[in-house]
Every structure is written in C-alpha cells, then in structure tokens.
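Participant: Structure: target-v4.pdb, PDB, C-alpha atoms.
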```
ATOM      1  CA  MET K   8      42.158   4.099 -24.896  1.00  0.00           C
ATOM      2  CA  ARG K   9      41.987   7.429 -23.110  1.00  0.00           C
ATOM      3  CA  ASN K  10      45.159   9.461 -23.327  1.00  0.00           C
ATOM      4  CA  ASP K  11      46.549  12.963 -23.027  1.00  0.00           C
ATOM      5  CA  ILE K  12      48.554  12.994 -26.218  1.00  0.00           C
ATOM      6  CA  ARG K  13      46.654  15.953 -27.641  1.00  0.00           C
ATOM      7  CA  GLU K  14      47.421  18.036 -24.551  1.00  0.00           C
ATOM      8  CA  ARG K  15      51.090  17.074 -24.604  1.00  0.00           C
ATOM      9  CA  ARG K  16      51.378  17.711 -28.329  1.00  0.00           C
ATOM     10  CA  GLU K  17      49.726  21.114 -28.111  1.00  0.00           C
ATOM     11  CA  ALA K  18      51.825  22.037 -25.092  1.00  0.00           C
ATOM     12  CA  ALA K  19      54.883  21.272 -27.191  1.00  0.00           C
ATOM     13  CA  GLY K  20      53.560  23.514 -29.985  1.00  0.00           C
ATOM     14  CA  LEU K  21      53.337  20.668 -32.473  1.00  0.00           C
ATOM     15  CA  SER K  22      50.729  19.920 -35.102  1.00  0.00           C
ATOM     16  CA  GLN K  23      49.328  16.454 -35.684  1.00  0.00           C
ATOM     17  CA  GLY K  24      51.380  16.413 -38.878  1.00  0.00           C
ATOM     18  CA  ASP K  25      54.577  17.157 -36.949  1.00  0.00           C
ATOM     19  CA  LEU K  26      53.923  14.266 -34.595  1.00  0.00           C
ATOM     20  CA  ALA K  27      52.919  11.976 -37.464  1.00  0.00           C
ATOM     21  CA  ALA K  28      56.129  12.735 -39.335  1.00  0.00           C
ATOM     22  CA  ALA K  29      58.208  12.086 -36.230  1.00  0.00           C
ATOM     23  CA  LEU K  30      56.509   8.720 -35.641  1.00  0.00           C
ATOM     24  CA  ASP K  31      56.345   7.684 -39.332  1.00  0.00           C
ATOM     25  CA  VAL K  32      52.569   7.262 -39.268  1.00  0.00           C
ATOM     26  CA  SER K  33      49.775   9.163 -40.989  1.00  0.00           C
ATOM     27  CA  ARG K  34      48.246  12.338 -39.555  1.00  0.00           C
ATOM     28  CA  GLN K  35      44.936  10.455 -39.495  1.00  0.00           C
ATOM     29  CA  THR K  36      46.485   7.833 -37.218  1.00  0.00           C
ATOM     30  CA  VAL K  37      47.609  10.502 -34.744  1.00  0.00           C
ATOM     31  CA  ASN K  38      44.141  12.041 -34.892  1.00  0.00           C
ATOM     32  CA  ALA K  39      42.468   8.642 -34.314  1.00  0.00           C
ATOM     33  CA  ILE K  40      44.692   7.945 -31.285  1.00  0.00           C
ATOM     34  CA  GLU K  41      44.009  11.359 -29.789  1.00  0.00           C
ATOM     35  CA  ARG K  42      40.258  10.924 -30.278  1.00  0.00           C
ATOM     36  CA  ASP K  43      40.335   7.475 -28.672  1.00  0.00           C
ATOM     37  CA  ARG K  44      39.251   5.826 -31.902  1.00  0.00           C
ATOM     38  CA  TYR K  45      42.358   3.710 -32.360  1.00  0.00           C
ATOM     39  CA  ASP K  46      44.573   1.942 -29.820  1.00  0.00           C
ATOM     40  CA  PRO K  47      48.183   2.037 -31.014  1.00  0.00           C
ATOM     41  CA  SER K  48      50.401  -1.026 -31.055  1.00  0.00           C
ATOM     42  CA  ILE K  49      52.797  -1.481 -28.157  1.00  0.00           C
ATOM     43  CA  GLU K  50      55.647  -0.437 -30.446  1.00  0.00           C
ATOM     44  CA  LEU K  51      53.930   2.835 -31.384  1.00  0.00           C
ATOM     45  CA  ALA K  52      52.971   3.424 -27.750  1.00  0.00           C
ATOM     46  CA  PHE K  53      56.633   3.070 -26.799  1.00  0.00           C
ATOM     47  CA  LYS K  54      57.581   5.480 -29.588  1.00  0.00           C
ATOM     48  CA  LEU K  55      55.086   7.984 -28.194  1.00  0.00           C
ATOM     49  CA  GLY K  56      56.493   7.499 -24.721  1.00  0.00           C
ATOM     50  CA  ARG K  57      60.017   8.026 -25.989  1.00  0.00           C
ATOM     51  CA  PHE K  58      58.948  11.078 -27.994  1.00  0.00           C
ATOM     52  CA  PHE K  59      57.284  12.730 -25.007  1.00  0.00           C
ATOM     53  CA  ASP K  60      59.999  11.439 -22.673  1.00  0.00           C
ATOM     54  CA  CYS K  61      57.608   9.645 -20.332  1.00  0.00           C
ATOM     55  CA  HIS K  62      56.293   6.173 -19.508  1.00  0.00           C
ATOM     56  CA  ILE K  63      53.391   4.653 -21.443  1.00  0.00           C
ATOM     57  CA  GLU K  64      51.293   4.618 -18.266  1.00  0.00           C
ATOM     58  CA  GLU K  65      51.603   8.395 -18.103  1.00  0.00           C
ATOM     59  CA  LEU K  66      50.221   8.716 -21.639  1.00  0.00           C
ATOM     60  CA  PHE K  67      47.440   6.139 -21.611  1.00  0.00           C
ATOM     61  CA  ASP K  68      44.724   5.284 -19.119  1.00  0.00           C
ATOM     62  CA  PRO K  69      43.458   1.753 -19.795  1.00  0.00           C
ATOM     63  CA  ASN K  70      40.765   2.139 -17.108  1.00  0.00           C
ATOM     64  CA  LEU K  71      41.359  -1.452 -16.048  1.00  0.00           C
ATOM     65  CA  ASP K  72      38.940  -2.964 -13.557  1.00  0.00           C
ATOM     66  CA  TRP K  73      41.454  -5.643 -12.696  1.00  0.00           C
ATOM     67  CA  GLU K  74      44.170  -6.227 -10.123  1.00  0.00           C
ATOM     68  CA  PRO K  75      46.842  -8.949 -10.255  1.00  0.00           C
ATOM     69  CA  PRO K  76      46.134 -11.870  -7.923  1.00  0.00           C
ATOM     70  CA  GLN K  77      47.853 -11.537  -4.554  1.00  0.00           C
ATOM     71  CA  GLY K  78      50.242 -14.112  -3.209  1.00  0.00           C
TER      72      GLY K  78
ATOM     73  CA  MET R  11      60.504  17.515 -22.713  1.00  0.00           C
ATOM     74  CA  PRO R  12      59.200  16.128 -25.986  1.00  0.00           C
ATOM     75  CA  ALA R  13      61.650  15.244 -28.699  1.00  0.00           C
ATOM     76  CA  GLU R  14      62.219  17.740 -31.464  1.00  0.00           C
ATOM     77  CA  ALA R  15      59.861  17.345 -34.402  1.00  0.00           C
ATOM     78  CA  ASP R  16      61.227  17.409 -37.902  1.00  0.00           C
ATOM     79  CA  PRO R  17      60.911  21.029 -39.106  1.00  0.00           C
ATOM     80  CA  SER R  18      60.057  19.757 -42.591  1.00  0.00           C
ATOM     81  CA  SER R  19      57.068  17.702 -41.436  1.00  0.00           C
ATOM     82  CA  GLU R  20      54.761  19.486 -43.897  1.00  0.00           C
ATOM     83  CA  ASP R  21      57.031  18.393 -46.743  1.00  0.00           C
ATOM     84  CA  TRP R  22      57.056  14.886 -45.286  1.00  0.00           C
ATOM     85  CA  LEU R  23      53.258  14.746 -45.168  1.00  0.00           C
ATOM     86  CA  ALA R  24      52.926  16.207 -48.668  1.00  0.00           C
ATOM     87  CA  THR R  25      55.433  13.691 -50.026  1.00  0.00           C
ATOM     88  CA  ARG R  26      53.624  10.828 -48.320  1.00  0.00           C
ATOM     89  CA  THR R  27      50.284  11.979 -49.699  1.00  0.00           C
ATOM     90  CA  ARG R  28      51.807  12.292 -53.180  1.00  0.00           C
ATOM     91  CA  TYR R  29      53.257   8.763 -53.079  1.00  0.00           C
ATOM     92  CA  ARG R  30      49.995   7.323 -51.761  1.00  0.00           C
ATOM     93  CA  ARG R  31      47.986   9.011 -54.517  1.00  0.00           C
ATOM     94  CA  LEU R  32      50.503   7.867 -57.119  1.00  0.00           C
ATOM     95  CA  GLY R  33      50.383   4.248 -55.931  1.00  0.00           C
ATOM     96  CA  ILE R  34      46.626   4.006 -55.493  1.00  0.00           C
ATOM     97  CA  GLY R  35      46.106   5.990 -58.723  1.00  0.00           C
ATOM     98  CA  SER R  36      48.327   3.543 -60.579  1.00  0.00           C
ATOM     99  CA  MET R  37      46.255   0.607 -59.384  1.00  0.00           C
ATOM    100  CA  LEU R  38      42.821   2.180 -59.920  1.00  0.00           C
ATOM    101  CA  GLY R  39      43.925   3.796 -63.191  1.00  0.00           C
ATOM    102  CA  GLY R  40      45.225   0.455 -64.439  1.00  0.00           C
ATOM    103  CA  ILE R  41      41.922  -1.213 -63.612  1.00  0.00           C
ATOM    104  CA  ALA R  42      39.865   1.556 -65.254  1.00  0.00           C
ATOM    105  CA  VAL R  43      41.982   1.711 -68.410  1.00  0.00           C
ATOM    106  CA  SER R  44      42.058  -2.080 -68.689  1.00  0.00           C
ATOM    107  CA  MET R  45      38.248  -2.165 -68.604  1.00  0.00           C
ATOM    108  CA  VAL R  46      38.106   0.372 -71.429  1.00  0.00           C
ATOM    109  CA  VAL R  47      40.736  -1.510 -73.449  1.00  0.00           C
ATOM    110  CA  TYR R  48      38.910  -4.791 -72.815  1.00  0.00           C
ATOM    111  CA  ALA R  49      35.723  -3.275 -74.240  1.00  0.00           C
ATOM    112  CA  VAL R  50      37.315  -1.889 -77.390  1.00  0.00           C
ATOM    113  CA  GLY R  51      40.646  -3.641 -77.928  1.00  0.00           C
ATOM    114  CA  PRO R  52      42.487  -6.929 -77.617  1.00  0.00           C
ATOM    115  CA  PRO R  53      41.926  -8.657 -74.241  1.00  0.00           C
ATOM    116  CA  LEU R  54      45.617  -9.453 -73.860  1.00  0.00           C
ATOM    117  CA  VAL R  55      46.474  -5.732 -73.889  1.00  0.00           C
ATOM    118  CA  ALA R  56      43.751  -5.144 -71.290  1.00  0.00           C
ATOM    119  CA  VAL R  57      45.330  -7.775 -69.034  1.00  0.00           C
ATOM    120  CA  ALA R  58      48.775  -6.213 -69.564  1.00  0.00           C
ATOM    121  CA  VAL R  59      47.458  -2.766 -68.600  1.00  0.00           C
ATOM    122  CA  PHE R  60      45.729  -4.265 -65.565  1.00  0.00           C
ATOM    123  CA  TRP R  61      48.946  -5.866 -64.360  1.00  0.00           C
ATOM    124  CA  LEU R  62      50.948  -2.738 -65.149  1.00  0.00           C
ATOM    125  CA  GLY R  63      48.725  -0.811 -62.736  1.00  0.00           C
ATOM    126  CA  ILE R  64      49.237  -3.423 -60.017  1.00  0.00           C
ATOM    127  CA  VAL R  65      53.003  -3.529 -60.559  1.00  0.00           C
ATOM    128  CA  GLY R  66      53.032   0.283 -60.511  1.00  0.00           C
ATOM    129  CA  PHE R  67      51.365   0.288 -57.112  1.00  0.00           C
ATOM    130  CA  PHE R  68      53.976  -2.034 -55.608  1.00  0.00           C
ATOM    131  CA  ALA R  69      56.805  -0.150 -57.327  1.00  0.00           C
ATOM    132  CA  VAL R  70      55.650   3.149 -55.826  1.00  0.00           C
ATOM    133  CA  ARG R  71      55.222   1.513 -52.429  1.00  0.00           C
ATOM    134  CA  ARG R  72      58.755   0.156 -52.603  1.00  0.00           C
ATOM    135  CA  ALA R  73      60.285   3.390 -53.868  1.00  0.00           C
ATOM    136  CA  ALA R  74      58.597   5.610 -51.283  1.00  0.00           C
ATOM    137  CA  PRO R  75      61.061   6.924 -48.682  1.00  0.00           C
ATOM    138  CA  MET R  76      58.506   6.468 -45.884  1.00  0.00           C
ATOM    139  CA  THR R  77      55.804   4.062 -44.710  1.00  0.00           C
ATOM    140  CA  LEU R  78      52.822   4.644 -47.001  1.00  0.00           C
ATOM    141  CA  PHE R  79      50.452   2.376 -45.107  1.00  0.00           C
ATOM    142  CA  ASP R  80      50.912   2.371 -41.363  1.00  0.00           C
ATOM    143  CA  GLU R  81      49.715   0.082 -38.573  1.00  0.00           C
ATOM    144  CA  ARG R  82      46.249   1.675 -38.502  1.00  0.00           C
ATOM    145  CA  ASP R  83      45.814   0.854 -42.193  1.00  0.00           C
ATOM    146  CA  ARG R  84      46.731  -2.750 -41.395  1.00  0.00           C
ATOM    147  CA  ALA R  85      44.313  -2.777 -38.449  1.00  0.00           C
ATOM    148  CA  LEU R  86      41.542  -1.500 -40.732  1.00  0.00           C
ATOM    149  CA  GLU R  87      42.395  -4.247 -43.236  1.00  0.00           C
ATOM    150  CA  ARG R  88      42.146  -6.867 -40.476  1.00  0.00           C
ATOM    151  CA  ARG R  89      38.752  -5.559 -39.380  1.00  0.00           C
ATOM    152  CA  ALA R  90      37.501  -5.398 -42.967  1.00  0.00           C
ATOM    153  CA  SER R  91      38.752  -8.964 -43.548  1.00  0.00           C
ATOM    154  CA  TYR R  92      36.957 -10.108 -40.409  1.00  0.00           C
ATOM    155  CA  ASP R  93      33.711  -8.441 -41.532  1.00  0.00           C
ATOM    156  CA  THR R  94      34.104  -9.954 -44.995  1.00  0.00           C
ATOM    157  CA  ILE R  95      34.579 -13.503 -43.743  1.00  0.00           C
ATOM    158  CA  ARG R  96      31.562 -13.115 -41.461  1.00  0.00           C
ATOM    159  CA  VAL R  97      29.385 -12.108 -44.421  1.00  0.00           C
ATOM    160  CA  VAL R  98      30.867 -14.815 -46.655  1.00  0.00           C
ATOM    161  CA  GLY R  99      30.545 -17.402 -43.876  1.00  0.00           C
ATOM    162  CA  ALA R 100      26.909 -16.511 -43.247  1.00  0.00           C
ATOM    163  CA  ALA R 101      26.149 -16.739 -46.985  1.00  0.00           C
ATOM    164  CA  PHE R 102      27.908 -20.115 -47.094  1.00  0.00           C
ATOM    165  CA  PHE R 103      26.242 -21.670 -44.050  1.00  0.00           C
ATOM    166  CA  ILE R 104      22.790 -20.415 -45.000  1.00  0.00           C
ATOM    167  CA  GLY R 105      22.956 -20.603 -48.791  1.00  0.00           C
ATOM    168  CA  ALA R 106      24.878 -23.811 -49.441  1.00  0.00           C
ATOM    169  CA  PRO R 107      22.556 -26.202 -47.506  1.00  0.00           C
ATOM    170  CA  MET R 108      19.469 -24.641 -49.098  1.00  0.00           C
ATOM    171  CA  VAL R 109      20.821 -25.250 -52.602  1.00  0.00           C
ATOM    172  CA  LYS R 110      22.801 -28.463 -52.162  1.00  0.00           C
ATOM    173  CA  VAL R 111      20.585 -30.307 -49.667  1.00  0.00           C
ATOM    174  CA  GLY R 112      17.291 -28.426 -49.690  1.00  0.00           C
ATOM    175  CA  GLY R 113      16.917 -28.749 -53.428  1.00  0.00           C
ATOM    176  CA  LEU R 114      16.330 -25.039 -53.879  1.00  0.00           C
ATOM    177  CA  THR R 115      16.600 -24.097 -57.546  1.00  0.00           C
ATOM    178  CA  VAL R 116      18.616 -20.943 -58.139  1.00  0.00           C
ATOM    179  CA  PRO R 117      19.904 -19.226 -61.287  1.00  0.00           C
ATOM    180  CA  PRO R 118      23.297 -20.490 -62.508  1.00  0.00           C
ATOM    181  CA  VAL R 119      24.935 -17.205 -61.533  1.00  0.00           C
ATOM    182  CA  VAL R 120      23.908 -17.700 -57.881  1.00  0.00           C
ATOM    183  CA  ASP R 121      25.068 -21.301 -58.000  1.00  0.00           C
ATOM    184  CA  GLY R 122      28.409 -20.112 -59.359  1.00  0.00           C
ATOM    185  CA  ALA R 123      28.649 -17.453 -56.672  1.00  0.00           C
ATOM    186  CA  LEU R 124      28.098 -20.129 -54.015  1.00  0.00           C
ATOM    187  CA  VAL R 125      31.043 -22.102 -55.399  1.00  0.00           C
ATOM    188  CA  GLY R 126      33.195 -18.973 -55.065  1.00  0.00           C
ATOM    189  CA  ILE R 127      31.922 -18.373 -51.532  1.00  0.00           C
ATOM    190  CA  GLU R 128      32.616 -21.999 -50.631  1.00  0.00           C
ATOM    191  CA  ALA R 129      36.163 -21.691 -51.997  1.00  0.00           C
ATOM    192  CA  THR R 130      36.704 -18.505 -49.967  1.00  0.00           C
ATOM    193  CA  VAL R 131      35.615 -20.281 -46.780  1.00  0.00           C
ATOM    194  CA  TYR R 132      38.041 -23.143 -47.476  1.00  0.00           C
ATOM    195  CA  VAL R 133      40.876 -20.676 -48.099  1.00  0.00           C
ATOM    196  CA  PHE R 134      40.044 -18.956 -44.803  1.00  0.00           C
ATOM    197  CA  VAL R 135      40.070 -22.274 -42.909  1.00  0.00           C
ATOM    198  CA  LEU R 136      43.415 -23.266 -44.460  1.00  0.00           C
ATOM    199  CA  ALA R 137      44.920 -19.836 -43.777  1.00  0.00           C
ATOM    200  CA  TYR R 138      43.712 -19.966 -40.172  1.00  0.00           C
ATOM    201  CA  ILE R 139      45.194 -23.439 -39.633  1.00  0.00           C
ATOM    202  CA  ALA R 140      48.473 -22.349 -41.227  1.00  0.00           C
ATOM    203  CA  ARG R 141      48.662 -19.257 -38.985  1.00  0.00           C
ATOM    204  CA  ARG R 142      47.627 -21.238 -35.927  1.00  0.00           C
ATOM    205  CA  TYR R 143      50.181 -24.027 -36.259  1.00  0.00           C
ATOM    206  CA  ALA R 144      52.984 -22.482 -38.354  1.00  0.00           C
TER     207      ALA R 144
END
```
How does this structure look as structure tokens?
Facilitator:
Amino acid sequence: MRNDIRERREAAGLSQGDLAAALDVSRQTVNAIERDRYDPSIELAFKLGRFFDCHIEELFDPNLDWEPPQG
Amino acid sequence: MPAEADPSSEDWLATRTRYRRLGIGSMLGGIAVSMVVYAVGPPLVAVAVFWLGIVGFFAVRRAAPMTLFDERDRALERRASYDTIRVVGAAFFIGAPMVKVGGLTVPPVVDGALVGIEATVYVFVLAYIARRYA
C-alpha cells in the first residue's frame, strides 16, 4: 500500500534501523513497507500512526475504488 | 512530531541480528553435525545432536529480549505454506489417480512419496477444518 513513511522518517532524521527498533520489527520490514512490498498489520499500522503522531489514513493511501452504500 | 527513537537502535539491531544468527545457527548446525555423526557414529547420538540444535533454537528465541521473527516473517511463512500446499495438492490430485486408478507403475520411492503427499493433504484438510470451526 502506498505510503509516505520514508518521507516522514527522513524528515525526522531517523534511519530505518531507528524506526525498526522503535516498532520492534526488523529493518527489512520497515524497508518492505516503505517500498510498498509489504502491507503491515492493523496493529503495526496503528503503531506507525502513534509513532508519527498522525492517523493511519494520513500515512497510507489504499487507493480504494469503493464508496460505502448510501442510505 | 514523531516519537523519539531509541538512541541505542544500532545496538538493538546488532543484538537482534546476533540472537537470530545464534538461533538459526543452532538449528542448522545441529542438523549438519547430526548428519556427520549419523554417517560415522551411533545413530542415537546423531538424533540427540539433532534435537539439541532444535531445542537450542527455541531456547535462544525464548531468551532473546526482543521479537526475533516479526509479523512479516509470519506473513512470509503463510505465503510459503500456501505455495507448498498448492504444489503438494497438485502432485496429489494428478499423481494419485494415475498410480492408484490408472494402473501406472512407478518406482517404490515415488509410490512412497505419494503416500507422504497424501498424508500432507489430509493434515492440511484437518488443520483447515479445525481452524474454520474451532
């Protein structure tokens, strides 16, 4: 899923290892998320949101072609 | 503002890598040494070494102060399991009828492999039912 985690991480002056250590995942996992090669679990997505102090929707763009039914 | 990262993250990564290598090395080392011992020594010692390697892996995993295998590792395992059961299932559905019903004569080793494949498919079906209804 497309995201701007790399931009946010770099803006914060953090390495992938720093973020991985903070989230208790591997550096490879952070790299895979940033490169859109792995979609994190909801729990990890919430951790990312909490870490960057924002909502999940601000981090990830699911590019959904779907709207909830009206009424 | 992002949360503060742990200033010792390099140590954390190095420690994690060290524990992972120790655990995986214990398992692979145990397997390798057991094969050597099996070839030259008593089989019972080979089995003991084999199990020692496995126990070592789980001991390291338990002793590690952090998660050694994260959710992406588990996701990769799930995908690999899915690929495996597809291959095994295809071998079962194509191979078993040819041998059991079609009367195809195959070497005993292939016949034995088909029994193992059949057993794997049954285990998968049981595991699926258990997960589905548990």
Participant: Give the answer as one residue: which of K:Phe67, K:Gln77, K:Val37, K:Asp72 has the shortest atom-to-atom distance to Leu21 in chain K, using only C-alpha atoms?
Facilitator: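 Looking only at the distances to Leu21 in chain K, the closest residue turns out to be K:Val37.
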Participant: Expand the PyMOL selection byres ((chain K and resi 52) around 12) into the individual residues it matches in the shown file, reporting them as a ChimeraX atom specification.
Facilitator: /K:8,10,12,30,37,40,45-51,53-67 /R:81
Participant: Residue by residue, what does the PyMOL selection byres ((chain R and resi 128-134) around 12) grab here? Present the result as a ChimeraX atom specification.
Facilitator: /R:91-92,94-107,110,121-127,135-142
Participant: Go ahead and fit an axis-aligned box to every listed atom of range 140-143 of chain R plus 5 Å each side, and pass me the centre and edge lengths in Å, one decimal, as JSON.
Facilitator:
```
{"center_x": 48.9, "center_y": -21.6, "center_z": -38.6, "size_x": 12.6, "size_y": 14.8, "size_z": 15.3}
```
Participant: Hey, list the chain K side of the contact with chain R: 7 Å cut-off, only C-alpha atoms, answer as a PyMOL selection string.
Facilitator: chain K and resi 19+24-26+28-29+31-33+36+58-60
Participant: Work out how far CA of Arg34 in chain K is from CA of Arg16 in chain K, in Å to one decimal.
Facilitator: 12.8 Å
Participant: Could you work out how far CA of Arg31 in chain R lies from CA of Ala56 in chain R, giving the answer in Å with one decimal?
Facilitator: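 Value for the CA of Ala56 in chain R-CA of Arg31 in chain R distance: 22.4 Å.
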Participant: Can you measure CA of Leu54 in chain R to CA of Leu32 in chain R for me? One decimal in Å is fine.
Facilitator: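 One can read the CA of Leu54 in chain R to CA of Leu32 in chain R distance as 24.6 Å.
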Participant: What's around Leu38 in chain R at 10 Å? Count all atoms listed in the file, leave out sequence neighbours fewer than 3 positions away in its own chain, and write the answer as a list in words.
Facilitator: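 That gives Leu32, Gly33, Ile34, Gly35, Ile41, Ala42, Val43, Ser44, Phe60, Gly63, Ile64 and Phe67 of chain R.
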Participant: For those residues, write C-alpha atoms to a file as an mmCIF file, keeping the file's coordinate frame.
Facilitator:
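In the end it all went to part.cif:
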```cif
data_model
loop_
_atom_site.group_PDB
_atom_site.id
_atom_site.type_symbol
_atom_site.label_atom_id
_atom_site.label_comp_id
_atom_site.auth_asym_id
_atom_site.auth_seq_id
_atom_site.Cartn_x
_atom_site.Cartn_y
_atom_site.Cartn_z
ATOM 1 C CA LEU R 32 50.503 7.867 -57.119
ATOM 2 C CA GLY R 33 50.383 4.248 -55.931
ATOM 3 C CA ILE R 34 46.626 4.006 -55.493
ATOM 4 C CA GLY R 35 46.106 5.990 -58.723
ATOM 5 C CA ILE R 41 41.922 -1.213 -63.612
ATOM 6 C CA ALA R 42 39.865 1.556 -65.254
ATOM 7 C CA VAL R 43 41.982 1.711 -68.410
ATOM 8 C CA SER R 44 42.058 -2.080 -68.689
ATOM 9 C CA PHE R 60 45.729 -4.265 -65.565
ATOM 10 C CA GLY R 63 48.725 -0.811 -62.736
ATOM 11 C CA ILE R 64 49.237 -3.423 -60.017
ATOM 12 C CA PHE R 67 51.365 0.288 -57.112
#
```
Participant: Select, from R:Gly112, R:Val119, R:Tyr143, R:Met37, the residue with the minimum atom-to-atom distance to Arg71 in chain R, counting only C-alpha atoms.
Facilitator: R:Met37
